[in-house]
Amino acid sequence: MFGSSQKPNAEPSSDEAKDSPSRRSFLKGFGTAAAAGGLISSPGLSVLDAEAKDTTAMETSLSRAPDPQVAADPTDLPPPVDWSSPRTHDISLKCEEVTAEIEPGVEFSYMTFGGQVPGPMIRVRRGDTIEFTLENVSASVKPHNIDFHAVYGTGGGAEATMAPPGQSQSISFRAEYPGAYIYHCAVPNLDYHISSGMFGLIFVEPEEGLPPVDREFYLGQQEVYTDKPTGEKGSHGFDFEAMKREDPTYVLLNGQKHALTKNAFGPMTAAVDETARVFFVNGGPNLTSSFHPIGNVWTKAWREGAIASEPERQVQTMTVAPGSCGIFEMDFPVPETVKIVDHALSRVARKGFLGEIKIEGEAQPDIFDPDPGTT
Amino acid sequence: MFGSSQKPNAEPSSDEAKDSPSRRSFLKGFGTAAAAGGLISSPGLSVLDAEAKDTTAMETSLSRAPDPQVAADPTDLPPPVDWSSPRTHDISLKCEEVTAEIEPGVEFSYMTFGGQVPGPMIRVRRGDTIEFTLENVSASVKPHNIDFHAVYGTGGGAEATMAPPGQSQSISFRAEYPGAYIYHCAVPNLDYHISSGMFGLIFVEPEEGLPPVDREFYLGQQEVYTDKPTGEKGSHGFDFEAMKREDPTYVLLNGQKHALTKNAFGPMTAAVDETARVFFVNGGPNLTSSFHPIGNVWTKAWREGAIASEPERQVQTMTVAPGSCGIFEMDFPVPETVKIVDHALSRVARKGFLGEIKIEGEAQPDIFDPDPGTT
Amino acid sequence: MFGSSQKPNAEPSSDEAKDSPSRRSFLKGFGTAAAAGGLISSPGLSVLDAEAKDTTAMETSLSRAPDPQVAADPTDLPPPVDWSSPRTHDISLKCEEVTAEIEPGVEFSYMTFGGQVPGPMIRVRRGDTIEFTLENVSASVKPHNIDFHAVYGTGGGAEATMAPPGQSQSISFRAEYPGAYIYHCAVPNLDYHISSGMFGLIFVEPEEGLPPVDREFYLGQQEVYTDKPTGEKGSHGFDFEAMKREDPTYVLLNGQKHALTKNAFGPMTAAVDETARVFFVNGGPNLTSSFHPIGNVWTKAWREGAIASEPERQVQTMTVAPGSCGIFEMDFPVPETVKIVDHALSRVARKGFLGEIKIEGEAQPDIFDPDPGTT
């Protein structure tokens, strides 16, 4: 079929139909469009706002980032719902194809919502209505669309939002059920588009809201199938046969190798005795994640992001299906660096998956003493 | 070991013992036996009855079906339990080896219970006794047996039901615990027999029964390992090395590519405002399913088919282990075509997995409007 | 990268750093050190005690075992907690590199905690403090450390316990949350060390304790990646490329092929009408387990070992993530041989995974009759 002898970016047909126009390379040097942001603000919008967002955590990193950086800022979330009757939101996302680095020297043709991976998080209240527009920017080469797992309707909206480059499509839907849901591109070669970055999370908050926490983080996992070995410098094309074998070159948190660590754009941060909530989306397209915080535990965990279910308690490692989500609460009783991993550990040791949360504060030797001989 | 240089259907030993007689090809043109049906009716039988069953949903499809068709009719379920004290059932299944098409032009030597994949669904009440007979038809080449996950007893009954071609074996068991359980062939090369189609579902209904729904559907997943590329025309032999690598050629819903879609035997159907219950069995033999209804959500979900557990609520994607089941309830508030997928999406885009439920009724633009500019 | 053309045991760098000293073979004939036991007893120790432990179940097997045997005795567990206020425990584990047989004639360089796989089970009460020492014996070639999923603190203790050969490192921690948690080596090449055997289970019992059962068993799963085909006689080196592909040569229960069966060291045993509790740890490093008792069911199941969650009921097959655990209760209403499997069945049929529990007692033909014609 499509072995390594194929030229990079040659795109096979999926079982259903061909992605059109196919068999062309992405436009290079596209990425600067990402800076414009993918999500268009509008009155009543409950999603991220370029002015209001806290960029502190990413500041150092941005100066060191390759241009463009596709890793989503994990602290760039919409705030909790603060309204108590149904609202209508006007929300837009841009489909942007971005050439960026998976790790220094390794170039890849990403496809994204809003120039970031995962795409911008959307947050509404159950019962709210979303007037949604998908814009496929004119610089795109491929058509795109969007499937929201929060939508009752054919394709989760994918059929109605199919947009060739330079076009926009709109749908309207009411968020009928609560929970954290993935959204993703769902053209016939959807596995290719998701692997390349086209997924994000919409959180439909329960009517009664959620208990307050000190921090919220937004994280996404995907695996990338390229035609060169992991870490080899140069421009990596896509390998459809590796994807068919479910044998990726990279497994990534927020779209780039070690993006959320001191080695790239900086760790997430928190303080001792704070609490946090993690919104996690596993784009896949194929791999199940075994999501674990090293040196910590998920205090409460809503499997699959199903917030209407009873949460599980003190869960070390959470299985998260591809095309699904998780909502996880954490306590930080001691100062430490929590490492976020997929506990299928070869993905961490050999394929680029790692995130960090740096917890600062006073030592708590009663709970953890790393050097008991000296205390 | 057993690479692609081996001749098709050369069968290696499993770790335990040899399937006997082995290293022979299946009898070709066997499949017509499937028409006879695999399940023998008898008084008090709570399983499907050839006379009573509703074949409407499959009628169009049957005219277009290859001969024989192994895809189980998803609407061919036993009705809910309508008795309230323990009964004894006389239930039989036939082991039938059937050559049929995975997709048009791709021939494969299936092994089945009752000539269909998944095998006939069995439905009893907790506390009922099942007098069970496994008949391995005389046209078979291989011995077969059956392991019920609903049975307390060595091999789930597999040891006592081992039947060479032309022989029958009986066991008796009481259904001690409620839930949806897989049954499957469990000879030493059991992964080969399951991959080839030998699995089905037995539902042990709780004493108190289940809330009524408008529709029930019966679905099964398996992956098939062949010695030719996906979609290549011709007769596909079995590839034991690919199975060992857990790298299948096909991943199928109800045994054939796109069987339950308009492209083959027709979609399942329902009407707006109806409810449905899905009984799902993942035969495997190896892959975990990430089971998702595109454009819908599992309103209630009993993970692993464990009906005595609390259901989870509004679950987008459900992890279902190989050798396990799921019970899922659905609402249909809008007209749409729901697509049933394993959200490890390369299995959908490249390996033949897809089912459809067509929901007919009036548009509900308050909930979903695919074209808001015109309404 | 590191294909089969590499010399055995050539060790690549992980993404983070190099294991040092690397690219050397293990010391051969090391294994006799395992007999000394990996866990140092001390006053107040709640873990296994060489004098007190019941070795009955393994007696026959030991006489037939290769020397050394790494399979952990599944009946060698610490007894339930019998104290009701916080205690301090002094617990030590030894890191021991052991050459032993995966199956007769197949030699492998294991790395272990205490010379056994899984490593010794540790059992404390929530709120207890553990003064822990990791000793890397002087015969080791590699440095090791330990990450407890029961620990709040950087690396779950891994950073502070990094010990070169011949050195010891100590930490102190309080068990803040209840449940069954994996511990494992977490050096940069952690997937290699875990695949080679370096994992075990710590159970933090809830303050209120657990209902009594008649038997407790301790089981662990891992997959091993070697540079020879499954079953080929000789010394197997490690295959890093196979690990990267997540395509193991062996998948094992308690570290050796069929260790806990009549074919090796003997089955586990119980009597009709007894109850049992299984503590299960899936080391991985990469594969999800679909853990199932053939001819039985998990009566109660705490997913991921999260004992503070509500248990699930009558669960046939339990998904257990790599780097996670499970707690499972069983009933034994009939005499039978229960087979413990990963229901990704090619791992059973072709890669060495199998355990047995032999239940003895009077036939219960009302529940299961394997030969109804004669009774």
# chains A, B, ... in the order shown; residues from 1 in each chain; ligands from 1
$ residues_around --residues "range 202-219 of chain B" --least-positions-apart "2" --cutoff "8 Å" --atoms "only C-alpha atoms" --output "ChimeraX atom specification"
/B:73-77,80-81,84,118,121-127,148,150,175,177-183,200,221,253-254,270,274-281,307-308
$ interface_residues --of "chain B" --to "chain C" --cutoff "6 Å" --atoms "only C-alpha atoms" --output "PDB file with N, CA, C and O atoms, in the first residue's frame"
ATOM      1  N   SER B  14      -0.670 -23.127  18.943  1.00  0.00           N
ATOM      2  CA  SER B  14      -0.707 -22.138  19.997  1.00  0.00           C
ATOM      3  C   SER B  14       0.257 -22.613  21.062  1.00  0.00           C
ATOM      4  O   SER B  14       0.900 -23.646  20.933  1.00  0.00           O
ATOM      5  N   ASP B  15       0.350 -21.849  22.136  1.00  0.00           N
ATOM      6  CA  ASP B  15       1.259 -22.234  23.208  1.00  0.00           C
ATOM      7  C   ASP B  15       0.853 -23.555  23.838  1.00  0.00           C
ATOM      8  O   ASP B  15       1.669 -24.256  24.407  1.00  0.00           O
ATOM      9  N   VAL B 151     -20.724 -18.279  32.809  1.00  0.00           N
ATOM     10  CA  VAL B 151     -20.728 -19.607  33.443  1.00  0.00           C
ATOM     11  C   VAL B 151     -19.634 -19.729  34.505  1.00  0.00           C
ATOM     12  O   VAL B 151     -18.472 -19.409  34.252  1.00  0.00           O
ATOM     13  N   TYR B 152     -20.001 -20.185  35.691  1.00  0.00           N
ATOM     14  CA  TYR B 152     -19.041 -20.682  36.687  1.00  0.00           C
ATOM     15  C   TYR B 152     -18.725 -22.134  36.320  1.00  0.00           C
ATOM     16  O   TYR B 152     -19.611 -22.998  36.385  1.00  0.00           O
ATOM     17  N   GLY B 153     -17.491 -22.424  35.957  1.00  0.00           N
ATOM     18  CA  GLY B 153     -17.125 -23.792  35.597  1.00  0.00           C
ATOM     19  C   GLY B 153     -15.913 -23.776  34.681  1.00  0.00           C
ATOM     20  O   GLY B 153     -15.699 -22.799  33.954  1.00  0.00           O
ATOM     21  N   THR B 154     -15.133 -24.848  34.719  1.00  0.00           N
ATOM     22  CA  THR B 154     -13.864 -24.875  33.977  1.00  0.00           C
ATOM     23  C   THR B 154     -14.050 -24.444  32.528  1.00  0.00           C
ATOM     24  O   THR B 154     -14.886 -24.987  31.799  1.00  0.00           O
ATOM     25  N   GLY B 155     -13.248 -23.467  32.124  1.00  0.00           N
ATOM     26  CA  GLY B 155     -13.275 -22.976  30.756  1.00  0.00           C
ATOM     27  C   GLY B 155     -14.572 -22.279  30.395  1.00  0.00           C
ATOM     28  O   GLY B 155     -14.834 -22.058  29.203  1.00  0.00           O
ATOM     29  N   GLY B 156     -15.402 -21.947  31.366  1.00  0.00           N
ATOM     30  CA  GLY B 156     -16.717 -21.385  31.052  1.00  0.00           C
ATOM     31  C   GLY B 156     -17.535 -22.353  30.218  1.00  0.00           C
ATOM     32  O   GLY B 156     -18.419 -21.969  29.459  1.00  0.00           O
ATOM     33  N   ALA B 160     -15.826 -29.004  28.458  1.00  0.00           N
ATOM     34  CA  ALA B 160     -16.874 -30.020  28.324  1.00  0.00           C
ATOM     35  C   ALA B 160     -17.589 -29.992  26.972  1.00  0.00           C
ATOM     36  O   ALA B 160     -18.321 -30.923  26.633  1.00  0.00           O
ATOM     37  N   ILE B 171     -23.817 -29.224  27.972  1.00  0.00           N
ATOM     38  CA  ILE B 171     -23.598 -28.859  29.369  1.00  0.00           C
ATOM     39  C   ILE B 171     -24.898 -28.279  29.908  1.00  0.00           C
ATOM     40  O   ILE B 171     -25.799 -27.914  29.149  1.00  0.00           O
ATOM     41  N   SER B 172     -24.959 -28.165  31.222  1.00  0.00           N
ATOM     42  CA  SER B 172     -26.076 -27.483  31.864  1.00  0.00           C
ATOM     43  C   SER B 172     -25.494 -26.475  32.852  1.00  0.00           C
ATOM     44  O   SER B 172     -24.541 -26.778  33.570  1.00  0.00           O
ATOM     45  N   PHE B 173     -26.064 -25.269  32.850  1.00  0.00           N
ATOM     46  CA  PHE B 173     -25.585 -24.272  33.827  1.00  0.00           C
ATOM     47  C   PHE B 173     -26.699 -23.338  34.239  1.00  0.00           C
ATOM     48  O   PHE B 173     -27.674 -23.140  33.517  1.00  0.00           O
ATOM     49  N   ARG B 174     -26.534 -22.792  35.434  1.00  0.00           N
ATOM     50  CA  ARG B 174     -27.486 -21.796  35.925  1.00  0.00           C
ATOM     51  C   ARG B 174     -26.825 -20.423  35.817  1.00  0.00           C
ATOM     52  O   ARG B 174     -25.641 -20.284  36.172  1.00  0.00           O
ATOM     53  N   ASP B 191      -7.606 -17.490  19.532  1.00  0.00           N
ATOM     54  CA  ASP B 191      -7.541 -16.163  18.916  1.00  0.00           C
ATOM     55  C   ASP B 191      -7.864 -16.244  17.418  1.00  0.00           C
ATOM     56  O   ASP B 191      -8.551 -15.378  16.870  1.00  0.00           O
ATOM     57  N   LYS B 244      -0.174 -12.032  15.933  1.00  0.00           N
ATOM     58  CA  LYS B 244       0.758 -11.944  17.061  1.00  0.00           C
ATOM     59  C   LYS B 244       1.196 -10.487  17.287  1.00  0.00           C
ATOM     60  O   LYS B 244       1.393 -10.057  18.421  1.00  0.00           O
ATOM     61  N   ARG B 245       1.339  -9.752  16.209  1.00  0.00           N
ATOM     62  CA  ARG B 245       1.694  -8.329  16.316  1.00  0.00           C
ATOM     63  C   ARG B 245       0.488  -7.466  16.663  1.00  0.00           C
ATOM     64  O   ARG B 245       0.618  -6.241  16.828  1.00  0.00           O
ATOM     65  N   PRO B 285      -9.840 -10.699  18.628  1.00  0.00           N
ATOM     66  CA  PRO B 285      -9.319 -11.278  19.851  1.00  0.00           C
ATOM     67  C   PRO B 285      -8.371 -10.385  20.641  1.00  0.00           C
ATOM     68  O   PRO B 285      -8.094 -10.684  21.796  1.00  0.00           O
ATOM     69  N   ASN B 286      -7.902  -9.272  20.082  1.00  0.00           N
ATOM     70  CA  ASN B 286      -6.821  -8.551  20.745  1.00  0.00           C
ATOM     71  C   ASN B 286      -7.085  -7.070  21.020  1.00  0.00           C
ATOM     72  O   ASN B 286      -6.547  -6.527  21.981  1.00  0.00           O
ATOM     73  N   ALA B 306     -21.586  -4.855  32.724  1.00  0.00           N
ATOM     74  CA  ALA B 306     -21.817  -5.194  34.137  1.00  0.00           C
ATOM     75  C   ALA B 306     -23.060  -4.451  34.634  1.00  0.00           C
ATOM     76  O   ALA B 306     -22.969  -3.390  35.253  1.00  0.00           O
ATOM     77  N   ALA B 308     -25.072  -4.851  36.971  1.00  0.00           N
ATOM     78  CA  ALA B 308     -25.259  -4.651  38.415  1.00  0.00           C
ATOM     79  C   ALA B 308     -24.488  -3.452  38.950  1.00  0.00           C
ATOM     80  O   ALA B 308     -24.696  -3.026  40.083  1.00  0.00           O
ATOM     81  N   SER B 309     -23.606  -2.895  38.136  1.00  0.00           N
ATOM     82  CA  SER B 309     -22.909  -1.661  38.523  1.00  0.00           C
ATOM     83  C   SER B 309     -23.797  -0.457  38.247  1.00  0.00           C
ATOM     84  O   SER B 309     -24.773  -0.548  37.509  1.00  0.00           O
ATOM     85  N   ALA B 321     -13.054  -3.748  26.393  1.00  0.00           N
ATOM     86  CA  ALA B 321     -11.938  -4.686  26.275  1.00  0.00           C
ATOM     87  C   ALA B 321     -12.285  -5.817  25.308  1.00  0.00           C
ATOM     88  O   ALA B 321     -13.464  -6.164  25.142  1.00  0.00           O
ATOM     89  N   PRO B 322     -11.278  -6.400  24.661  1.00  0.00           N
ATOM     90  CA  PRO B 322     -11.532  -7.635  23.924  1.00  0.00           C
ATOM     91  C   PRO B 322     -11.966  -8.704  24.915  1.00  0.00           C
ATOM     92  O   PRO B 322     -11.413  -8.790  26.015  1.00  0.00           O
ATOM     93  N   GLY B 323     -12.991  -9.470  24.526  1.00  0.00           N
ATOM     94  CA  GLY B 323     -13.516 -10.448  25.473  1.00  0.00           C
ATOM     95  C   GLY B 323     -14.416  -9.793  26.490  1.00  0.00           C
ATOM     96  O   GLY B 323     -14.462 -10.210  27.641  1.00  0.00           O
ATOM     97  N   SER B 324     -15.122  -8.762  26.070  1.00  0.00           N
ATOM     98  CA  SER B 324     -16.032  -8.093  26.986  1.00  0.00           C
ATOM     99  C   SER B 324     -17.197  -7.492  26.195  1.00  0.00           C
ATOM    100  O   SER B 324     -17.295  -7.664  24.988  1.00  0.00           O
TER     101      SER B 324
END
$ closest_residue --among "B:Phe132, B:Tyr110, B:Phe240, B:Trp298" --to "Val70 in chain B" --atoms "only C-alpha atoms"
B:Tyr110
$ atom_distance --atom1 "CA of Gly166 in chain A" --atom2 "CA of His149 in chain A"
25.2 Å
$ atom_distance --atom1 "CA of Val341 in chain B" --atom2 "CA of Leu260 in chain B"
11.4 Å
$ select_by_dssp --residues "range 143-177 of chain B" --states "strand (DSSP E or B)" --output "JSON, numbers by chain"
{"B": [144, 147, 148, 163, 168, 169, 170, 171, 172, 173, 174]}
$ write_last_selection --atoms "all heavy atoms" --output "PDB file, in the first residue's frame"
ATOM      1  N   HIS B 144     -14.422 -27.471  17.572  1.00  0.00           N
ATOM      2  CA  HIS B 144     -14.783 -26.204  18.210  1.00  0.00           C
ATOM      3  C   HIS B 144     -15.341 -26.490  19.603  1.00  0.00           C
ATOM      4  O   HIS B 144     -15.712 -27.635  19.928  1.00  0.00           O
ATOM      5  CB  HIS B 144     -15.833 -25.457  17.371  1.00  0.00           C
ATOM      6  CG  HIS B 144     -15.364 -25.107  15.989  1.00  0.00           C
ATOM      7  ND1 HIS B 144     -14.376 -24.201  15.756  1.00  0.00           N
ATOM      8  CD2 HIS B 144     -15.758 -25.570  14.765  1.00  0.00           C
ATOM      9  CE1 HIS B 144     -14.164 -24.100  14.445  1.00  0.00           C
ATOM     10  NE2 HIS B 144     -14.991 -24.918  13.823  1.00  0.00           N
ATOM     11  N   ASP B 147     -16.894 -21.103  25.307  1.00  0.00           N
ATOM     12  CA  ASP B 147     -16.638 -20.540  26.630  1.00  0.00           C
ATOM     13  C   ASP B 147     -17.631 -19.413  26.832  1.00  0.00           C
ATOM     14  O   ASP B 147     -17.607 -18.417  26.103  1.00  0.00           O
ATOM     15  CB  ASP B 147     -15.188 -20.026  26.679  1.00  0.00           C
ATOM     16  CG  ASP B 147     -14.883 -19.130  27.889  1.00  0.00           C
ATOM     17  OD1 ASP B 147     -15.767 -18.903  28.730  1.00  0.00           O
ATOM     18  OD2 ASP B 147     -13.729 -18.659  27.975  1.00  0.00           O
ATOM     19  N   PHE B 148     -18.554 -19.589  27.804  1.00  0.00           N
ATOM     20  CA  PHE B 148     -19.487 -18.525  28.176  1.00  0.00           C
ATOM     21  C   PHE B 148     -18.923 -17.749  29.374  1.00  0.00           C
ATOM     22  O   PHE B 148     -18.660 -18.369  30.417  1.00  0.00           O
ATOM     23  CB  PHE B 148     -20.833 -19.114  28.621  1.00  0.00           C
ATOM     24  CG  PHE B 148     -21.679 -19.739  27.559  1.00  0.00           C
ATOM     25  CD1 PHE B 148     -21.668 -21.119  27.362  1.00  0.00           C
ATOM     26  CD2 PHE B 148     -22.528 -18.970  26.771  1.00  0.00           C
ATOM     27  CE1 PHE B 148     -22.480 -21.715  26.405  1.00  0.00           C
ATOM     28  CE2 PHE B 148     -23.341 -19.567  25.804  1.00  0.00           C
ATOM     29  CZ  PHE B 148     -23.315 -20.944  25.618  1.00  0.00           C
ATOM     30  N   ALA B 163     -15.969 -30.288  20.625  1.00  0.00           N
ATOM     31  CA  ALA B 163     -16.677 -31.163  19.682  1.00  0.00           C
ATOM     32  C   ALA B 163     -15.946 -31.247  18.342  1.00  0.00           C
ATOM     33  O   ALA B 163     -15.826 -30.235  17.644  1.00  0.00           O
ATOM     34  CB  ALA B 163     -18.098 -30.636  19.458  1.00  0.00           C
ATOM     35  N   SER B 168     -21.770 -33.524  18.791  1.00  0.00           N
ATOM     36  CA  SER B 168     -22.413 -32.547  19.672  1.00  0.00           C
ATOM     37  C   SER B 168     -21.979 -32.791  21.112  1.00  0.00           C
ATOM     38  O   SER B 168     -21.684 -33.932  21.486  1.00  0.00           O
ATOM     39  CB  SER B 168     -23.939 -32.661  19.582  1.00  0.00           C
ATOM     40  OG  SER B 168     -24.395 -32.284  18.303  1.00  0.00           O
ATOM     41  N   GLN B 169     -21.962 -31.743  21.898  1.00  0.00           N
ATOM     42  CA  GLN B 169     -21.642 -31.841  23.316  1.00  0.00           C
ATOM     43  C   GLN B 169     -22.603 -30.970  24.107  1.00  0.00           C
ATOM     44  O   GLN B 169     -22.947 -29.871  23.657  1.00  0.00           O
ATOM     45  CB  GLN B 169     -20.203 -31.369  23.587  1.00  0.00           C
ATOM     46  CG  GLN B 169     -19.124 -32.220  22.928  1.00  0.00           C
ATOM     47  CD  GLN B 169     -18.964 -33.594  23.582  1.00  0.00           C
ATOM     48  OE1 GLN B 169     -19.542 -33.862  24.653  1.00  0.00           O
ATOM     49  NE2 GLN B 169     -18.207 -34.479  22.925  1.00  0.00           N
ATOM     50  N   SER B 170     -22.991 -31.454  25.274  1.00  0.00           N
ATOM     51  CA  SER B 170     -23.949 -30.695  26.086  1.00  0.00           C
ATOM     52  C   SER B 170     -23.401 -30.360  27.468  1.00  0.00           C
ATOM     53  O   SER B 170     -22.601 -31.117  28.037  1.00  0.00           O
ATOM     54  CB  SER B 170     -25.240 -31.510  26.257  1.00  0.00           C
ATOM     55  OG  SER B 170     -25.866 -31.691  25.000  1.00  0.00           O
ATOM     56  N   ILE B 171     -23.817 -29.224  27.972  1.00  0.00           N
ATOM     57  CA  ILE B 171     -23.598 -28.859  29.369  1.00  0.00           C
ATOM     58  C   ILE B 171     -24.898 -28.279  29.908  1.00  0.00           C
ATOM     59  O   ILE B 171     -25.799 -27.914  29.149  1.00  0.00           O
ATOM     60  CB  ILE B 171     -22.483 -27.810  29.552  1.00  0.00           C
ATOM     61  CG1 ILE B 171     -22.801 -26.535  28.738  1.00  0.00           C
ATOM     62  CG2 ILE B 171     -21.122 -28.367  29.157  1.00  0.00           C
ATOM     63  CD1 ILE B 171     -21.849 -25.365  28.985  1.00  0.00           C
ATOM     64  N   SER B 172     -24.959 -28.165  31.222  1.00  0.00           N
ATOM     65  CA  SER B 172     -26.076 -27.483  31.864  1.00  0.00           C
ATOM     66  C   SER B 172     -25.494 -26.475  32.852  1.00  0.00           C
ATOM     67  O   SER B 172     -24.541 -26.778  33.570  1.00  0.00           O
ATOM     68  CB  SER B 172     -26.944 -28.515  32.599  1.00  0.00           C
ATOM     69  OG  SER B 172     -27.910 -27.862  33.397  1.00  0.00           O
ATOM     70  N   PHE B 173     -26.064 -25.269  32.850  1.00  0.00           N
ATOM     71  CA  PHE B 173     -25.585 -24.272  33.827  1.00  0.00           C
ATOM     72  C   PHE B 173     -26.699 -23.338  34.239  1.00  0.00           C
ATOM     73  O   PHE B 173     -27.674 -23.140  33.517  1.00  0.00           O
ATOM     74  CB  PHE B 173     -24.393 -23.481  33.274  1.00  0.00           C
ATOM     75  CG  PHE B 173     -24.691 -22.625  32.073  1.00  0.00           C
ATOM     76  CD1 PHE B 173     -25.047 -21.284  32.226  1.00  0.00           C
ATOM     77  CD2 PHE B 173     -24.599 -23.141  30.783  1.00  0.00           C
ATOM     78  CE1 PHE B 173     -25.312 -20.475  31.116  1.00  0.00           C
ATOM     79  CE2 PHE B 173     -24.861 -22.338  29.672  1.00  0.00           C
ATOM     80  CZ  PHE B 173     -25.221 -21.009  29.836  1.00  0.00           C
ATOM     81  N   ARG B 174     -26.534 -22.792  35.434  1.00  0.00           N
ATOM     82  CA  ARG B 174     -27.486 -21.796  35.925  1.00  0.00           C
ATOM     83  C   ARG B 174     -26.825 -20.423  35.817  1.00  0.00           C
ATOM     84  O   ARG B 174     -25.641 -20.284  36.172  1.00  0.00           O
ATOM     85  CB  ARG B 174     -27.871 -22.101  37.369  1.00  0.00           C
ATOM     86  CG  ARG B 174     -29.110 -21.352  37.837  1.00  0.00           C
ATOM     87  CD  ARG B 174     -29.651 -21.944  39.127  1.00  0.00           C
ATOM     88  NE  ARG B 174     -28.708 -21.741  40.221  1.00  0.00           N
ATOM     89  CZ  ARG B 174     -28.676 -22.470  41.332  1.00  0.00           C
ATOM     90  NH1 ARG B 174     -29.520 -23.496  41.503  1.00  0.00           N
ATOM     91  NH2 ARG B 174     -27.804 -22.213  42.280  1.00  0.00           N
TER      92      ARG B 174
END
$ residues_around --residues "His193 in chain B" --least-positions-apart "2" --cutoff "10 Å" --atoms "only C-alpha atoms" --output "PyMOL selection string"
chain B and resi 110-112+142+144+184-191+195-199+285
$ closest_residue --among "B:Trp302, B:Tyr192, B:Ile91, B:Ala363" --to "Ser109 in chain B" --atoms "only C-alpha atoms"
B:Tyr192
$ closest_residue --among "B:Ile357, B:Leu134, B:Pro120, B:Glu101" --to "Gly266 in chain B" --atoms "only C-alpha atoms"
B:Ile357
$ closest_residue --among "B:Glu159, B:Ala264, B:Ile194, B:Ala242" --to "Gly284 in chain B" --atoms "only C-alpha atoms"
B:Ile194
